[in-house]
Amino acid sequence: MGREGDRTTRPEEGVPELPGAHQSAPEPYRQTAAALRRYFNHTAATVLDVEGSMRMWSDFADLWEEAAADGTAIGDIVGQDPVEFAETFAQAYTGKRWVDRERRLLNEAVDRAKREQRRWPRR
């Protein structure tokens with residue numbers, strides 16, 4: 001495993017691992033946690049504000065640590081739809097998300113373009 005700042009990267013997956021006890025969990029739990037981390041990191045589900053993000057990742061690590069210790073089935077955690085689980089999990093953390101920022105930037109860019117276009121002579 002390589003190091004990338006304070007996070008460990010599994011080269012075969014390219015997925016950053018966060019520090020936490022879930023890393024020592026059995027492979028099915030690590031594999032599922034890594035897949036969910038990847039999803040969170042590549043979707044708008046990621047929380048933007050630091051406090052919300054720290055709470056989310058801490059709870060995420062606790063979830064997998066407890067699940068592994070208790071032997072909870074992965075299907076009992078994520079249910080039938082892992083995407084729905086991930087989205088619901090992330091939505092539980094208040095605060096702004098990356099998608100909120102990107103929506104604001106898109107709206108601002110289009111508003112600027114509209115204002116600029118109004119200055120053009122009409123044909």
# chains A, B, ... in the order shown; residues from 1 in each chain; ligands from 1
>>> residues_around(residues="Met56 in chain A", least_positions_apart="4", cutoff="7 Å", atoms="only C-alpha atoms", output="MDAnalysis selection string")
chainID A and resid 52 60 93
>>> residues_around(residues="Tyr29 in chain A", least_positions_apart="6", cutoff="12 Å", atoms="only C-alpha atoms", output="JSON, numbers by chain")
{"A": [21, 22, 23, 35, 36, 60, 61, 63, 64, 65, 66, 67, 68, 69, 70, 71, 72, 73, 74, 75, 77, 78]}
>>> atom_distance(atom1="CA of Pro121 in chain A", atom2="CA of Leu106 in chain A")
25.1 Å
>>> atom_distance(atom1="CA of Arg118 in chain A", atom2="CA of Val99 in chain A")
28.5 Å
>>> select_by_dssp(residues="range 62-117 of chain A", states="helix (DSSP H, G or I)", output="MDAnalysis selection string")
chainID A and resid 62:70 74:78 82:91 98:117
>>> decode(residues="range 58-101 of chain A", atoms="N, CA and C atoms", output="CSV table (one decimal), in the first residue's frame")
chain,number,residue,atom,x,y,z
A,58,SER,N,-16.5,10.0,10.1
A,58,SER,CA,-16.3,9.3,11.4
A,58,SER,C,-17.4,8.3,11.6
A,59,ASP,N,-18.7,8.6,11.3
A,59,ASP,CA,-19.8,7.7,11.4
A,59,ASP,C,-19.6,6.5,10.4
A,60,PHE,N,-19.1,6.8,9.2
A,60,PHE,CA,-18.9,5.8,8.2
A,60,PHE,C,-17.9,4.8,8.8
A,61,ALA,N,-16.8,5.2,9.4
A,61,ALA,CA,-15.8,4.3,9.9
A,61,ALA,C,-16.4,3.5,11.1
A,62,ASP,N,-17.2,4.2,11.9
A,62,ASP,CA,-17.8,3.5,13.1
A,62,ASP,C,-18.8,2.4,12.6
A,63,LEU,N,-19.5,2.7,11.5
A,63,LEU,CA,-20.5,1.8,11.0
A,63,LEU,C,-19.8,0.5,10.6
A,64,TRP,N,-18.7,0.6,9.8
A,64,TRP,CA,-18.1,-0.6,9.3
A,64,TRP,C,-17.3,-1.3,10.4
A,65,GLU,N,-16.8,-0.6,11.4
A,65,GLU,CA,-16.1,-1.2,12.5
A,65,GLU,C,-17.1,-2.1,13.3
A,66,GLU,N,-18.2,-1.5,13.6
A,66,GLU,CA,-19.3,-2.2,14.4
A,66,GLU,C,-19.8,-3.4,13.6
A,67,ALA,N,-20.1,-3.2,12.3
A,67,ALA,CA,-20.6,-4.2,11.5
A,67,ALA,C,-19.7,-5.4,11.5
A,68,ALA,N,-18.4,-5.2,11.3
A,68,ALA,CA,-17.5,-6.3,11.2
A,68,ALA,C,-17.4,-7.0,12.6
A,69,ALA,N,-17.4,-6.2,13.7
A,69,ALA,CA,-17.3,-6.8,15.0
A,69,ALA,C,-18.5,-7.6,15.4
A,70,ASP,N,-19.7,-7.1,14.9
A,70,ASP,CA,-20.9,-7.9,15.2
A,70,ASP,C,-21.2,-9.0,14.2
A,71,GLY,N,-20.5,-9.0,13.1
A,71,GLY,CA,-20.8,-9.9,12.0
A,71,GLY,C,-22.0,-9.6,11.2
A,72,THR,N,-22.4,-8.4,11.2
A,72,THR,CA,-23.6,-8.0,10.5
A,72,THR,C,-23.4,-8.2,9.0
A,73,ALA,N,-24.4,-8.8,8.4
A,73,ALA,CA,-24.3,-9.1,6.9
A,73,ALA,C,-24.3,-7.7,6.2
A,74,ILE,N,-23.5,-7.7,5.2
A,74,ILE,CA,-23.4,-6.4,4.4
A,74,ILE,C,-24.7,-6.1,3.7
A,75,GLY,N,-25.4,-7.1,3.3
A,75,GLY,CA,-26.8,-6.8,2.7
A,75,GLY,C,-27.7,-6.2,3.8
A,76,ASP,N,-27.5,-6.5,5.0
A,76,ASP,CA,-28.4,-5.9,6.1
A,76,ASP,C,-28.0,-4.5,6.3
A,77,ILE,N,-26.8,-4.1,5.9
A,77,ILE,CA,-26.4,-2.7,6.1
A,77,ILE,C,-26.9,-1.9,4.8
A,78,VAL,N,-26.5,-2.3,3.7
A,78,VAL,CA,-26.8,-1.5,2.5
A,78,VAL,C,-28.1,-1.8,1.8
A,79,GLY,N,-28.7,-2.9,2.2
A,79,GLY,CA,-30.0,-3.3,1.6
A,79,GLY,C,-29.9,-3.7,0.2
A,80,GLN,N,-31.0,-3.7,-0.6
A,80,GLN,CA,-31.1,-4.1,-1.9
A,80,GLN,C,-30.5,-3.2,-2.9
A,81,ASP,N,-30.4,-1.9,-2.5
A,81,ASP,CA,-29.9,-0.9,-3.5
A,81,ASP,C,-28.8,-0.1,-2.8
A,82,PRO,N,-27.5,-0.4,-3.1
A,82,PRO,CA,-26.4,0.3,-2.5
A,82,PRO,C,-26.4,1.8,-2.8
A,83,VAL,N,-26.8,2.1,-4.0
A,83,VAL,CA,-26.8,3.6,-4.4
A,83,VAL,C,-27.8,4.3,-3.5
A,84,GLU,N,-29.0,3.8,-3.3
A,84,GLU,CA,-29.9,4.4,-2.4
A,84,GLU,C,-29.4,4.5,-0.9
A,85,PHE,N,-28.7,3.4,-0.5
A,85,PHE,CA,-28.1,3.5,0.8
A,85,PHE,C,-27.1,4.6,0.9
A,86,ALA,N,-26.2,4.7,-0.1
A,86,ALA,CA,-25.2,5.8,-0.1
A,86,ALA,C,-25.8,7.2,-0.1
A,87,GLU,N,-26.8,7.4,-0.9
A,87,GLU,CA,-27.4,8.7,-1.0
A,87,GLU,C,-28.1,9.0,0.3
A,88,THR,N,-28.8,8.1,0.9
A,88,THR,CA,-29.5,8.3,2.1
A,88,THR,C,-28.5,8.6,3.2
A,89,PHE,N,-27.4,7.8,3.3
A,89,PHE,CA,-26.4,8.0,4.3
A,89,PHE,C,-25.8,9.4,4.2
A,90,ALA,N,-25.4,9.9,3.0
A,90,ALA,CA,-24.8,11.2,2.8
A,90,ALA,C,-25.8,12.3,3.1
A,91,GLN,N,-27.1,12.1,2.8
A,91,GLN,CA,-28.1,13.1,3.0
A,91,GLN,C,-28.4,13.4,4.5
A,92,ALA,N,-28.0,12.4,5.3
A,92,ALA,CA,-28.2,12.5,6.8
A,92,ALA,C,-27.3,13.6,7.4
A,93,TYR,N,-26.4,14.1,6.7
A,93,TYR,CA,-25.4,15.0,7.2
A,93,TYR,C,-25.7,16.4,6.6
A,94,THR,N,-26.1,17.3,7.5
A,94,THR,CA,-26.5,18.6,7.1
A,94,THR,C,-25.3,19.4,6.6
A,95,GLY,N,-25.6,20.4,5.9
A,95,GLY,CA,-24.5,21.2,5.4
A,95,GLY,C,-24.6,21.2,3.9
A,96,LYS,N,-23.7,22.0,3.3
A,96,LYS,CA,-23.7,22.1,1.8
A,96,LYS,C,-22.9,20.9,1.3
A,97,ARG,N,-23.3,20.5,0.1
A,97,ARG,CA,-22.6,19.4,-0.6
A,97,ARG,C,-22.0,20.0,-1.9
A,98,TRP,N,-21.1,19.3,-2.4
A,98,TRP,CA,-20.4,19.7,-3.7
A,98,TRP,C,-21.4,20.1,-4.7
A,99,VAL,N,-22.5,19.4,-4.8
A,99,VAL,CA,-23.4,19.6,-5.9
A,99,VAL,C,-24.1,21.0,-5.7
A,100,ASP,N,-24.3,21.4,-4.4
A,100,ASP,CA,-24.8,22.7,-4.1
A,100,ASP,C,-23.9,23.8,-4.7
A,101,ARG,N,-22.6,23.7,-4.5
A,101,ARG,CA,-21.7,24.6,-5.0
A,101,ARG,C,-21.7,24.7,-6.5
